[in-house]
Amino acid sequence: MKFIELSKALKTNIDHVYSLIGDDIFLIRQALLNIKKYTISDLEEFNYTRLDAEKMKKDELEANIMTLPISNDYRLVVLDNPNSDIINFIKKYDFSDSATVIVLINPSKTNCGTLVDCTKLDRIDINKYVLNYLAKSKLSIHEQALDYIIDSTSADMAKINAELNKLTAYCLGEGINTIDINTATNLVSDSKDYVIYMLTTAIDKKNYKEYQKILNEMIKSQSAGDIFSYLGRYFRRMQYIAIDKNDDEIASVLNIKPYAIKMSRQCIAQNGVRYYINLYQKYVDLDQKIKMGKISVINALYELIF
């Protein structure tokens, strides 16, 4: 079945084995979350296991299959890199008395259990995904706005999902029922800005591991100096918003939209004014050290957060 058909199928029947096949990491992650949603309702720490199965032995897997769930209908076991012995064992295994659901991530043999196609979606399927996503929040969207979202994100599902999350939060907060082209163009980040957006989001959420991961990828294709300068502008903006309560003045001075100010204030409320003041001061100090030759730009980027 296709990825977009999985949720509907899970509502009527849960198979003992699923094989998630494809090259779209986002879709594989979402498919796994969907299966988890319908199988694990309580005590995840006991009923959910994810294992590297590249060198796994059959008796180890059987022990996991035979382990009973606790306060839950199912046990979910996810196997990464399953070897051929494990796949053959699963294909022959009698699950009739087992409450375990197995999920195989890109197994080498594709005829094992229910196959879920997680290859990149075509435009028709992306349209369906967006409409289904918005329908959960009782939102609709104009065709022109839908086309803009797909085109501006280069049809990347991870980016589309992030933009839909942003659009949904805004529309529900403003009492908007239908996303038009103006709302889409005002809120949806252009593809080239998406990675920067994810980097600053990691900072706002204090997810330093994710920050390092994104930064490691960015410096492969972008100038460290450009990234450092962008972060400096971002911290300056956040500090300005943190200490100035006049939204009209902020919008005029920084040339940003009211929605951006609103979202910034939410981050400031969560992290505190001092957090962003300290980040901007750290940037200023490191910028001075760079100019004096006391630190490289790349080292300054890592030191800025850590």
# chains A, B, ... in the order shown; residues from 1 in each chain; ligands from 1

call {"tool": "residues_around", "arguments": {"residues": "segment 3-17 of chain A", "least_positions_apart": "5", "cutoff": "9 Å", "atoms": "only C-alpha atoms", "output": "PyMOL selection string"}}
result
chain A and resi 27-28+30-31+34-35+38-39+90-91+95-96+98-104+112-119+121+125-126+128-129

call {"tool": "residues_around", "arguments": {"residues": "Tyr275 of chain A", "least_positions_apart": "3", "cutoff": "10 Å", "atoms": "only C-alpha atoms", "output": "PDB file with N, CA, C and O atoms, in the first residue's frame"}}
result
ATOM      1  N   ASP A 204      15.734  27.881  19.603  1.00  0.00           N
ATOM      2  CA  ASP A 204      14.594  28.303  20.415  1.00  0.00           C
ATOM      3  C   ASP A 204      14.094  27.177  21.321  1.00  0.00           C
ATOM      4  O   ASP A 204      13.624  27.421  22.431  1.00  0.00           O
ATOM      5  N   PHE A 235      19.654  36.846  16.535  1.00  0.00           N
ATOM      6  CA  PHE A 235      19.761  37.114  17.974  1.00  0.00           C
ATOM      7  C   PHE A 235      19.503  38.593  18.278  1.00  0.00           C
ATOM      8  O   PHE A 235      18.909  38.929  19.299  1.00  0.00           O
ATOM      9  N   MET A 238      15.767  39.002  18.157  1.00  0.00           N
ATOM     10  CA  MET A 238      15.115  38.429  19.337  1.00  0.00           C
ATOM     11  C   MET A 238      15.370  39.281  20.572  1.00  0.00           C
ATOM     12  O   MET A 238      14.482  39.469  21.417  1.00  0.00           O
ATOM     13  N   GLN A 239      16.586  39.817  20.699  1.00  0.00           N
ATOM     14  CA  GLN A 239      16.874  40.695  21.835  1.00  0.00           C
ATOM     15  C   GLN A 239      16.025  41.959  21.757  1.00  0.00           C
ATOM     16  O   GLN A 239      15.470  42.406  22.767  1.00  0.00           O
ATOM     17  N   ALA A 242      12.582  41.196  22.742  1.00  0.00           N
ATOM     18  CA  ALA A 242      12.526  40.857  24.168  1.00  0.00           C
ATOM     19  C   ALA A 242      12.458  42.095  25.056  1.00  0.00           C
ATOM     20  O   ALA A 242      11.805  42.081  26.107  1.00  0.00           O
ATOM     21  N   ILE A 268      10.232  33.805  23.542  1.00  0.00           N
ATOM     22  CA  ILE A 268      10.803  34.599  24.635  1.00  0.00           C
ATOM     23  C   ILE A 268      10.103  34.283  25.949  1.00  0.00           C
ATOM     24  O   ILE A 268      10.750  34.162  26.998  1.00  0.00           O
ATOM     25  N   GLN A 270       8.808  31.502  26.746  1.00  0.00           N
ATOM     26  CA  GLN A 270       9.215  30.158  27.168  1.00  0.00           C
ATOM     27  C   GLN A 270      10.646  30.131  27.701  1.00  0.00           C
ATOM     28  O   GLN A 270      10.930  29.482  28.705  1.00  0.00           O
ATOM     29  N   ASN A 271      11.550  30.840  27.033  1.00  0.00           N
ATOM     30  CA  ASN A 271      12.967  30.757  27.377  1.00  0.00           C
ATOM     31  C   ASN A 271      13.455  31.881  28.282  1.00  0.00           C
ATOM     32  O   ASN A 271      14.514  31.759  28.897  1.00  0.00           O
ATOM     33  N   GLY A 272      12.715  32.976  28.326  1.00  0.00           N
ATOM     34  CA  GLY A 272      13.120  34.103  29.156  1.00  0.00           C
ATOM     35  C   GLY A 272      13.886  35.155  28.366  1.00  0.00           C
ATOM     36  O   GLY A 272      14.592  34.834  27.399  1.00  0.00           O
ATOM     37  N   ASN A 278      21.674  37.125  26.337  1.00  0.00           N
ATOM     38  CA  ASN A 278      22.960  36.435  26.475  1.00  0.00           C
ATOM     39  C   ASN A 278      23.471  35.911  25.131  1.00  0.00           C
ATOM     40  O   ASN A 278      24.670  35.977  24.832  1.00  0.00           O
ATOM     41  N   LEU A 279      22.551  35.374  24.306  1.00  0.00           N
ATOM     42  CA  LEU A 279      22.954  34.857  22.999  1.00  0.00           C
ATOM     43  C   LEU A 279      23.497  35.977  22.110  1.00  0.00           C
ATOM     44  O   LEU A 279      24.514  35.807  21.435  1.00  0.00           O
ATOM     45  N   TYR A 280      22.818  37.123  22.115  1.00  0.00           N
ATOM     46  CA  TYR A 280      23.296  38.221  21.277  1.00  0.00           C
ATOM     47  C   TYR A 280      24.637  38.753  21.788  1.00  0.00           C
ATOM     48  O   TYR A 280      25.544  39.042  21.002  1.00  0.00           O
TER      49      TYR A 280
END

call {"tool": "select_by_dssp", "arguments": {"residues": "segment 73-281 of chain A", "states": "alpha helix (DSSP H)", "output": "count of residues only"}}
result
133

call {"tool": "atom_distance", "arguments": {"atom1": "atom CA of Thr178 of chain A", "atom2": "atom CA of His142 of chain A"}}
result
7.2 Å

call {"tool": "residues_around", "arguments": {"residues": "Phe26 of chain A", "least_positions_apart": "6", "cutoff": "10 Å", "atoms": "only C-alpha atoms", "output": "VMD selection string"}}
result
chain A and resid 32 118 to 120 156 to 159 161

call {"tool": "residues_around", "arguments": {"residues": "Tyr230 of chain A", "least_positions_apart": "4", "cutoff": "12 Å", "atoms": "only C-alpha atoms", "output": "PyMOL selection string"}}
result
chain A and resi 193+195-197+199-200+222-226+234-237+280+283+301

call {"tool": "write_last_selection", "arguments": {"atoms": "all heavy atoms", "output": "short mmCIF file (atom, residue, chain, number, x, y, z; two decimals), in the first residue's frame"}}
result
data_model
loop_
_atom_site.label_atom_id
_atom_site.label_comp_id
_atom_site.auth_asym_id
_atom_site.auth_seq_id
_atom_site.Cartn_x
_atom_site.Cartn_y
_atom_site.Cartn_z
N ASP A 193 15.40 29.23 2.61
CA ASP A 193 15.45 29.70 3.99
C ASP A 193 15.08 28.62 4.99
O ASP A 193 15.15 28.84 6.20
CB ASP A 193 14.49 30.89 4.19
CG ASP A 193 14.88 32.09 3.34
OD1 ASP A 193 16.09 32.29 3.16
OD2 ASP A 193 13.98 32.79 2.87
N VAL A 195 16.34 25.66 5.92
CA VAL A 195 17.35 25.09 6.82
C VAL A 195 17.71 26.08 7.91
O VAL A 195 17.89 25.70 9.07
CB VAL A 195 18.61 24.67 6.02
CG1 VAL A 195 19.67 24.13 6.96
CG2 VAL A 195 18.25 23.61 5.00
N ILE A 196 17.81 27.37 7.55
CA ILE A 196 18.06 28.40 8.55
C ILE A 196 16.93 28.43 9.57
O ILE A 196 17.16 28.56 10.78
CB ILE A 196 18.23 29.78 7.87
CG1 ILE A 196 19.60 29.89 7.20
CG2 ILE A 196 18.05 30.90 8.88
CD1 ILE A 196 20.76 30.01 8.18
N TYR A 197 15.72 28.31 9.07
CA TYR A 197 14.55 28.28 9.96
C TYR A 197 14.65 27.12 10.94
O TYR A 197 14.39 27.26 12.15
CB TYR A 197 13.27 28.18 9.13
CG TYR A 197 12.05 27.76 9.92
CD1 TYR A 197 11.40 28.66 10.77
CD2 TYR A 197 11.54 26.47 9.82
CE1 TYR A 197 10.29 28.27 11.51
CE2 TYR A 197 10.44 26.08 10.54
CZ TYR A 197 9.80 26.98 11.39
OH TYR A 197 8.70 26.59 12.11
N LEU A 199 17.37 25.65 11.92
CA LEU A 199 18.50 25.91 12.82
C LEU A 199 18.06 26.81 13.98
O LEU A 199 18.34 26.52 15.14
CB LEU A 199 19.65 26.56 12.05
CG LEU A 199 20.95 26.75 12.83
CD1 LEU A 199 21.63 25.40 13.08
CD2 LEU A 199 21.90 27.67 12.08
N THR A 200 17.37 27.90 13.67
CA THR A 200 16.93 28.81 14.72
C THR A 200 15.83 28.17 15.59
O THR A 200 15.75 28.45 16.79
CB THR A 200 16.41 30.14 14.12
OG1 THR A 200 15.40 29.87 13.14
CG2 THR A 200 17.55 30.90 13.47
N GLN A 222 27.34 25.82 2.65
CA GLN A 222 27.20 27.25 2.87
C GLN A 222 28.42 27.81 3.60
O GLN A 222 29.10 27.09 4.33
CB GLN A 222 25.93 27.55 3.68
CG GLN A 222 24.64 27.12 3.00
CD GLN A 222 23.42 27.56 3.78
OE1 GLN A 222 23.33 28.69 4.22
NE2 GLN A 222 22.46 26.66 3.94
N SER A 223 28.63 29.09 3.41
CA SER A 223 29.74 29.76 4.07
C SER A 223 29.48 29.87 5.57
O SER A 223 28.40 30.28 6.00
CB SER A 223 29.92 31.15 3.47
OG SER A 223 30.66 31.99 4.32
N ALA A 224 30.47 29.49 6.36
CA ALA A 224 30.35 29.60 7.81
C ALA A 224 30.11 31.06 8.21
O ALA A 224 29.36 31.36 9.15
CB ALA A 224 31.60 29.05 8.50
N GLY A 225 30.75 31.97 7.48
CA GLY A 225 30.58 33.40 7.76
C GLY A 225 29.15 33.86 7.54
O GLY A 225 28.62 34.65 8.32
N ASP A 226 28.52 33.35 6.46
CA ASP A 226 27.12 33.72 6.19
C ASP A 226 26.19 33.21 7.28
O ASP A 226 25.27 33.91 7.71
CB ASP A 226 26.69 33.16 4.83
CG ASP A 226 27.33 33.90 3.67
OD1 ASP A 226 27.88 34.99 3.90
OD2 ASP A 226 27.30 33.37 2.53
N TYR A 234 19.59 37.29 13.73
CA TYR A 234 18.46 36.66 14.41
C TYR A 234 18.48 36.97 15.91
O TYR A 234 17.47 37.33 16.50
CB TYR A 234 18.49 35.15 14.18
CG TYR A 234 17.38 34.41 14.89
CD1 TYR A 234 16.07 34.50 14.42
CD2 TYR A 234 17.62 33.63 16.02
CE1 TYR A 234 15.03 33.85 15.07
CE2 TYR A 234 16.60 32.97 16.67
CZ TYR A 234 15.30 33.09 16.19
OH TYR A 234 14.28 32.44 16.83
N PHE A 235 19.65 36.85 16.54
CA PHE A 235 19.76 37.11 17.97
C PHE A 235 19.50 38.59 18.28
O PHE A 235 18.91 38.93 19.30
CB PHE A 235 21.14 36.70 18.49
CG PHE A 235 21.38 35.21 18.41
CD1 PHE A 235 22.67 34.71 18.21
CD2 PHE A 235 20.35 34.30 18.51
CE1 PHE A 235 22.90 33.35 18.13
CE2 PHE A 235 20.56 32.94 18.42
CZ PHE A 235 21.84 32.46 18.23
N ARG A 236 19.97 39.47 17.37
CA ARG A 236 19.72 40.90 17.55
C ARG A 236 18.21 41.16 17.51
O ARG A 236 17.67 41.92 18.32
CB ARG A 236 20.43 41.70 16.45
CG ARG A 236 20.11 43.20 16.48
CD ARG A 236 20.86 43.94 15.37
NE ARG A 236 20.47 45.34 15.31
CZ ARG A 236 19.43 45.79 14.60
NH1 ARG A 236 18.69 44.93 13.91
NH2 ARG A 236 19.13 47.07 14.59
N ARG A 237 17.54 40.54 16.55
CA ARG A 237 16.08 40.71 16.44
C ARG A 237 15.37 40.20 17.69
O ARG A 237 14.49 40.87 18.22
CB ARG A 237 15.56 39.95 15.20
CG ARG A 237 14.09 40.18 14.93
CD ARG A 237 13.62 39.38 13.74
NE ARG A 237 13.25 38.03 14.10
CZ ARG A 237 12.73 37.13 13.26
NH1 ARG A 237 12.59 37.45 11.98
NH2 ARG A 237 12.40 35.93 13.67
N TYR A 280 22.82 37.12 22.11
CA TYR A 280 23.30 38.22 21.28
C TYR A 280 24.64 38.75 21.79
O TYR A 280 25.54 39.04 21.00
CB TYR A 280 22.27 39.35 21.22
CG TYR A 280 22.71 40.49 20.32
CD1 TYR A 280 22.92 40.25 18.96
CD2 TYR A 280 22.97 41.75 20.83
CE1 TYR A 280 23.36 41.27 18.11
CE2 TYR A 280 23.40 42.77 19.99
CZ TYR A 280 23.59 42.53 18.64
OH TYR A 280 24.03 43.54 17.81
N TYR A 283 27.30 36.45 20.71
CA TYR A 283 27.60 36.67 19.29
C TYR A 283 28.53 37.88 19.12
O TYR A 283 29.52 37.80 18.37
CB TYR A 283 26.31 36.90 18.50
CG TYR A 283 26.55 37.49 17.14
CD1 TYR A 283 26.95 36.69 16.07
CD2 TYR A 283 26.42 38.86 16.92
CE1 TYR A 283 27.22 37.23 14.83
CE2 TYR A 283 26.69 39.41 15.67
CZ TYR A 283 27.08 38.59 14.63
OH TYR A 283 27.35 39.14 13.40
N LEU A 301 30.92 29.43 15.50
CA LEU A 301 29.56 28.92 15.29
C LEU A 301 29.20 27.87 16.34
O LEU A 301 28.08 27.85 16.84
CB LEU A 301 29.44 28.32 13.89
CG LEU A 301 29.00 29.26 12.77
CD1 LEU A 301 29.10 28.55 11.43
CD2 LEU A 301 27.59 29.75 13.00
#

call {"tool": "residues_around", "arguments": {"residues": "Leu286 of chain A", "least_positions_apart": "2", "cutoff": "9 Å", "atoms": "only C-alpha atoms", "output": "PyMOL selection string"}}
result
chain A and resi 281-284+288-291+294-295+297+300-301+303-304

call {"tool": "residues_around", "arguments": {"residues": "Asn72 of chain A", "least_positions_apart": "2", "cutoff": "7 Å", "atoms": "only C-alpha atoms", "output": "PyMOL selection string"}}
result
chain A and resi 40-42+69-70+74

call {"tool": "write_last_selection", "arguments": {"atoms": "N, CA and C atoms", "output": "mmCIF file, in the first residue's frame"}}
result
data_model
loop_
_atom_site.group_PDB
_atom_site.id
_atom_site.type_symbol
_atom_site.label_atom_id
_atom_site.label_comp_id
_atom_site.auth_asym_id
_atom_site.auth_seq_id
_atom_site.Cartn_x
_atom_site.Cartn_y
_atom_site.Cartn_z
ATOM 1 N N ILE A 40 0.385 1.376 20.394
ATOM 2 C CA ILE A 40 0.882 1.672 21.740
ATOM 3 C C ILE A 40 0.060 2.799 22.362
ATOM 4 N N SER A 41 -0.731 2.454 23.357
ATOM 5 C CA SER A 41 -1.552 3.464 24.023
ATOM 6 C C SER A 41 -1.097 3.720 25.459
ATOM 7 N N ASP A 42 -0.262 2.827 25.989
ATOM 8 C CA ASP A 42 0.148 2.979 27.390
ATOM 9 C C ASP A 42 1.507 2.304 27.612
ATOM 10 N N PRO A 69 2.852 -7.804 26.168
ATOM 11 C CA PRO A 69 2.705 -6.373 26.464
ATOM 12 C C PRO A 69 2.172 -6.161 27.876
ATOM 13 N N ILE A 70 2.400 -4.975 28.410
ATOM 14 C CA ILE A 70 1.929 -4.629 29.747
ATOM 15 C C ILE A 70 0.899 -3.512 29.636
ATOM 16 N N TYR A 74 -0.864 -4.435 22.399
ATOM 17 C CA TYR A 74 0.234 -4.853 21.536
ATOM 18 C C TYR A 74 1.588 -4.493 22.125
#

call {"tool": "closest_residue", "arguments": {"among": "A:Leu76, A:Ile105, A:Leu187, A:Leu20", "to": "Glu163 of chain A", "atoms": "only C-alpha atoms"}}
result
A:Leu187

call {"tool": "closest_residue", "arguments": {"among": "A:Ala251, A:Thr183, A:Val78, A:Asn47", "to": "Gln144 of chain A", "atoms": "only C-alpha atoms"}}
result
A:Thr183

call {"tool": "closest_residue", "arguments": {"among": "A:Cys267, A:Leu254, A:Met1, A:Ile181", "to": "Lys205 of chain A", "atoms": "only C-alpha atoms"}}
result
A:Cys267

call {"tool": "closest_residue", "arguments": {"among": "A:Ala184, A:Met56, A:Ala162, A:Leu167", "to": "Met198 of chain A", "atoms": "only C-alpha atoms"}}
result
A:Ala162

call {"tool": "decode", "arguments": {"residues": "segment 92-125 of chain A", "atoms": "N, CA, C and O atoms", "output": "PDB file, in the first residue's frame"}}
result
ATOM      1  N   LYS A  92       8.372 -17.040   8.205  1.00  0.00           N
ATOM      2  CA  LYS A  92       7.882 -18.381   8.543  1.00  0.00           C
ATOM      3  C   LYS A  92       7.236 -18.444   9.928  1.00  0.00           C
ATOM      4  O   LYS A  92       6.632 -19.459  10.287  1.00  0.00           O
ATOM      5  N   TYR A  93       7.362 -17.372  10.690  1.00  0.00           N
ATOM      6  CA  TYR A  93       6.921 -17.409  12.083  1.00  0.00           C
ATOM      7  C   TYR A  93       5.392 -17.392  12.170  1.00  0.00           C
ATOM      8  O   TYR A  93       4.712 -16.668  11.433  1.00  0.00           O
ATOM      9  N   ASP A  94       4.851 -18.174  13.079  1.00  0.00           N
ATOM     10  CA  ASP A  94       3.406 -18.225  13.324  1.00  0.00           C
ATOM     11  C   ASP A  94       3.070 -17.210  14.418  1.00  0.00           C
ATOM     12  O   ASP A  94       3.337 -17.435  15.597  1.00  0.00           O
ATOM     13  N   PHE A  95       2.492 -16.094  14.029  1.00  0.00           N
ATOM     14  CA  PHE A  95       2.165 -15.027  14.979  1.00  0.00           C
ATOM     15  C   PHE A  95       0.783 -15.184  15.605  1.00  0.00           C
ATOM     16  O   PHE A  95       0.309 -14.286  16.283  1.00  0.00           O
ATOM     17  N   SER A  96       0.133 -16.317  15.391  1.00  0.00           N
ATOM     18  CA  SER A  96      -1.253 -16.468  15.825  1.00  0.00           C
ATOM     19  C   SER A  96      -1.446 -16.251  17.322  1.00  0.00           C
ATOM     20  O   SER A  96      -2.489 -15.750  17.756  1.00  0.00           O
ATOM     21  N   ASP A  97      -0.452 -16.617  18.133  1.00  0.00           N
ATOM     22  CA  ASP A  97      -0.587 -16.470  19.586  1.00  0.00           C
ATOM     23  C   ASP A  97       0.229 -15.300  20.127  1.00  0.00           C
ATOM     24  O   ASP A  97       0.457 -15.198  21.335  1.00  0.00           O
ATOM     25  N   SER A  98       0.683 -14.433  19.239  1.00  0.00           N
ATOM     26  CA  SER A  98       1.542 -13.334  19.664  1.00  0.00           C
ATOM     27  C   SER A  98       0.810 -12.003  19.602  1.00  0.00           C
ATOM     28  O   SER A  98      -0.015 -11.771  18.726  1.00  0.00           O
ATOM     29  N   ALA A  99       1.130 -11.128  20.561  1.00  0.00           N
ATOM     30  CA  ALA A  99       0.562  -9.780  20.580  1.00  0.00           C
ATOM     31  C   ALA A  99       1.593  -8.769  20.086  1.00  0.00           C
ATOM     32  O   ALA A  99       1.435  -7.565  20.271  1.00  0.00           O
ATOM     33  N   THR A 100       2.649  -9.268  19.437  1.00  0.00           N
ATOM     34  CA  THR A 100       3.738  -8.400  18.983  1.00  0.00           C
ATOM     35  C   THR A 100       3.539  -7.992  17.526  1.00  0.00           C
ATOM     36  O   THR A 100       3.164  -8.808  16.685  1.00  0.00           O
ATOM     37  N   VAL A 101       3.787  -6.710  17.256  1.00  0.00           N
ATOM     38  CA  VAL A 101       3.792  -6.189  15.884  1.00  0.00           C
ATOM     39  C   VAL A 101       5.235  -5.849  15.529  1.00  0.00           C
ATOM     40  O   VAL A 101       5.917  -5.150  16.290  1.00  0.00           O
ATOM     41  N   ILE A 102       5.698  -6.363  14.384  1.00  0.00           N
ATOM     42  CA  ILE A 102       7.068  -6.134  13.926  1.00  0.00           C
ATOM     43  C   ILE A 102       7.063  -5.114  12.792  1.00  0.00           C
ATOM     44  O   ILE A 102       6.253  -5.206  11.869  1.00  0.00           O
ATOM     45  N   VAL A 103       7.962  -4.140  12.867  1.00  0.00           N
ATOM     46  CA  VAL A 103       8.139  -3.181  11.772  1.00  0.00           C
ATOM     47  C   VAL A 103       9.568  -3.295  11.261  1.00  0.00           C
ATOM     48  O   VAL A 103      10.520  -3.120  12.028  1.00  0.00           O
ATOM     49  N   LEU A 104       9.711  -3.605   9.981  1.00  0.00           N
ATOM     50  CA  LEU A 104      11.023  -3.726   9.351  1.00  0.00           C
ATOM     51  C   LEU A 104      11.304  -2.449   8.553  1.00  0.00           C
ATOM     52  O   LEU A 104      10.478  -2.026   7.742  1.00  0.00           O
ATOM     53  N   ILE A 105      12.445  -1.832   8.803  1.00  0.00           N
ATOM     54  CA  ILE A 105      12.821  -0.621   8.077  1.00  0.00           C
ATOM     55  C   ILE A 105      13.696  -0.999   6.888  1.00  0.00           C
ATOM     56  O   ILE A 105      14.821  -1.469   7.055  1.00  0.00           O
ATOM     57  N   ASN A 106      13.156  -0.835   5.680  1.00  0.00           N
ATOM     58  CA  ASN A 106      13.858  -1.145   4.429  1.00  0.00           C
ATOM     59  C   ASN A 106      14.535  -2.518   4.447  1.00  0.00           C
ATOM     60  O   ASN A 106      15.766  -2.623   4.303  1.00  0.00           O
ATOM     61  N   PRO A 107      13.769  -3.599   4.619  1.00  0.00           N
ATOM     62  CA  PRO A 107      14.364  -4.940   4.569  1.00  0.00           C
ATOM     63  C   PRO A 107      14.848  -5.259   3.156  1.00  0.00           C
ATOM     64  O   PRO A 107      14.319  -4.749   2.166  1.00  0.00           O
ATOM     65  N   SER A 108      15.858  -6.123   3.056  1.00  0.00           N
ATOM     66  CA  SER A 108      16.426  -6.464   1.749  1.00  0.00           C
ATOM     67  C   SER A 108      15.441  -7.270   0.908  1.00  0.00           C
ATOM     68  O   SER A 108      15.457  -7.205  -0.316  1.00  0.00           O
ATOM     69  N   LYS A 109      14.577  -8.038   1.563  1.00  0.00           N
ATOM     70  CA  LYS A 109      13.548  -8.790   0.845  1.00  0.00           C
ATOM     71  C   LYS A 109      12.209  -8.086   1.091  1.00  0.00           C
ATOM     72  O   LYS A 109      11.800  -7.883   2.221  1.00  0.00           O
ATOM     73  N   THR A 110      11.548  -7.726   0.005  1.00  0.00           N
ATOM     74  CA  THR A 110      10.372  -6.857   0.126  1.00  0.00           C
ATOM     75  C   THR A 110       9.041  -7.597   0.232  1.00  0.00           C
ATOM     76  O   THR A 110       7.994  -6.973   0.232  1.00  0.00           O
ATOM     77  N   ASN A 111       9.074  -8.919   0.295  1.00  0.00           N
ATOM     78  CA  ASN A 111       7.817  -9.677   0.363  1.00  0.00           C
ATOM     79  C   ASN A 111       7.567 -10.198   1.773  1.00  0.00           C
ATOM     80  O   ASN A 111       7.238 -11.356   1.982  1.00  0.00           O
ATOM     81  N   CYS A 112       7.746  -9.319   2.742  1.00  0.00           N
ATOM     82  CA  CYS A 112       7.582  -9.725   4.144  1.00  0.00           C
ATOM     83  C   CYS A 112       6.519  -8.852   4.805  1.00  0.00           C
ATOM     84  O   CYS A 112       6.712  -7.649   5.004  1.00  0.00           O
ATOM     85  N   GLY A 113       5.389  -9.452   5.145  1.00  0.00           N
ATOM     86  CA  GLY A 113       4.328  -8.707   5.814  1.00  0.00           C
ATOM     87  C   GLY A 113       3.640  -7.707   4.894  1.00  0.00           C
ATOM     88  O   GLY A 113       3.683  -7.814   3.665  1.00  0.00           O
ATOM     89  N   THR A 114       3.006  -6.700   5.489  1.00  0.00           N
ATOM     90  CA  THR A 114       2.346  -5.636   4.737  1.00  0.00           C
ATOM     91  C   THR A 114       3.367  -4.604   4.301  1.00  0.00           C
ATOM     92  O   THR A 114       4.060  -4.021   5.140  1.00  0.00           O
ATOM     93  N   LEU A 115       3.485  -4.383   3.016  1.00  0.00           N
ATOM     94  CA  LEU A 115       4.445  -3.426   2.489  1.00  0.00           C
ATOM     95  C   LEU A 115       3.840  -2.023   2.494  1.00  0.00           C
ATOM     96  O   LEU A 115       2.715  -1.826   2.043  1.00  0.00           O
ATOM     97  N   VAL A 116       4.608  -1.067   2.987  1.00  0.00           N
ATOM     98  CA  VAL A 116       4.182   0.334   2.987  1.00  0.00           C
ATOM     99  C   VAL A 116       5.195   1.108   2.141  1.00  0.00           C
ATOM    100  O   VAL A 116       6.368   1.206   2.494  1.00  0.00           O
ATOM    101  N   ASP A 117       4.720   1.638   1.024  1.00  0.00           N
ATOM    102  CA  ASP A 117       5.585   2.331   0.074  1.00  0.00           C
ATOM    103  C   ASP A 117       5.884   3.741   0.571  1.00  0.00           C
ATOM    104  O   ASP A 117       5.006   4.611   0.579  1.00  0.00           O
ATOM    105  N   CYS A 118       7.140   3.965   0.976  1.00  0.00           N
ATOM    106  CA  CYS A 118       7.555   5.268   1.503  1.00  0.00           C
ATOM    107  C   CYS A 118       8.516   5.973   0.542  1.00  0.00           C
ATOM    108  O   CYS A 118       9.396   6.716   0.964  1.00  0.00           O
ATOM    109  N   THR A 119       8.356   5.711  -0.761  1.00  0.00           N
ATOM    110  CA  THR A 119       9.101   6.483  -1.745  1.00  0.00           C
ATOM    111  C   THR A 119       8.474   7.870  -1.840  1.00  0.00           C
ATOM    112  O   THR A 119       7.353   8.092  -1.389  1.00  0.00           O
ATOM    113  N   LYS A 120       9.193   8.806  -2.413  1.00  0.00           N
ATOM    114  CA  LYS A 120       8.722  10.185  -2.473  1.00  0.00           C
ATOM    115  C   LYS A 120       7.364  10.270  -3.158  1.00  0.00           C
ATOM    116  O   LYS A 120       7.131   9.626  -4.181  1.00  0.00           O
ATOM    117  N   LEU A 121       6.475  11.085  -2.587  1.00  0.00           N
ATOM    118  CA  LEU A 121       5.117  11.203  -3.103  1.00  0.00           C
ATOM    119  C   LEU A 121       5.081  12.035  -4.373  1.00  0.00           C
ATOM    120  O   LEU A 121       5.848  12.986  -4.542  1.00  0.00           O
ATOM    121  N   ASP A 122       4.152  11.684  -5.288  1.00  0.00           N
ATOM    122  CA  ASP A 122       3.933  12.538  -6.450  1.00  0.00           C
ATOM    123  C   ASP A 122       2.994  13.676  -6.054  1.00  0.00           C
ATOM    124  O   ASP A 122       2.490  13.731  -4.933  1.00  0.00           O
ATOM    125  N   ARG A 123       2.748  14.602  -6.950  1.00  0.00           N
ATOM    126  CA  ARG A 123       1.997  15.813  -6.621  1.00  0.00           C
ATOM    127  C   ARG A 123       0.557  15.499  -6.186  1.00  0.00           C
ATOM    128  O   ARG A 123       0.024  16.127  -5.272  1.00  0.00           O
ATOM    129  N   ILE A 124      -0.054  14.513  -6.828  1.00  0.00           N
ATOM    130  CA  ILE A 124      -1.435  14.147  -6.477  1.00  0.00           C
ATOM    131  C   ILE A 124      -1.500  13.647  -5.035  1.00  0.00           C
ATOM    132  O   ILE A 124      -2.382  14.040  -4.257  1.00  0.00           O
ATOM    133  N   ASP A 125      -0.546  12.802  -4.653  1.00  0.00           N
ATOM    134  CA  ASP A 125      -0.539  12.270  -3.292  1.00  0.00           C
ATOM    135  C   ASP A 125      -0.170  13.342  -2.270  1.00  0.00           C
ATOM    136  O   ASP A 125      -0.668  13.328  -1.136  1.00  0.00           O
TER     137      ASP A 125
END
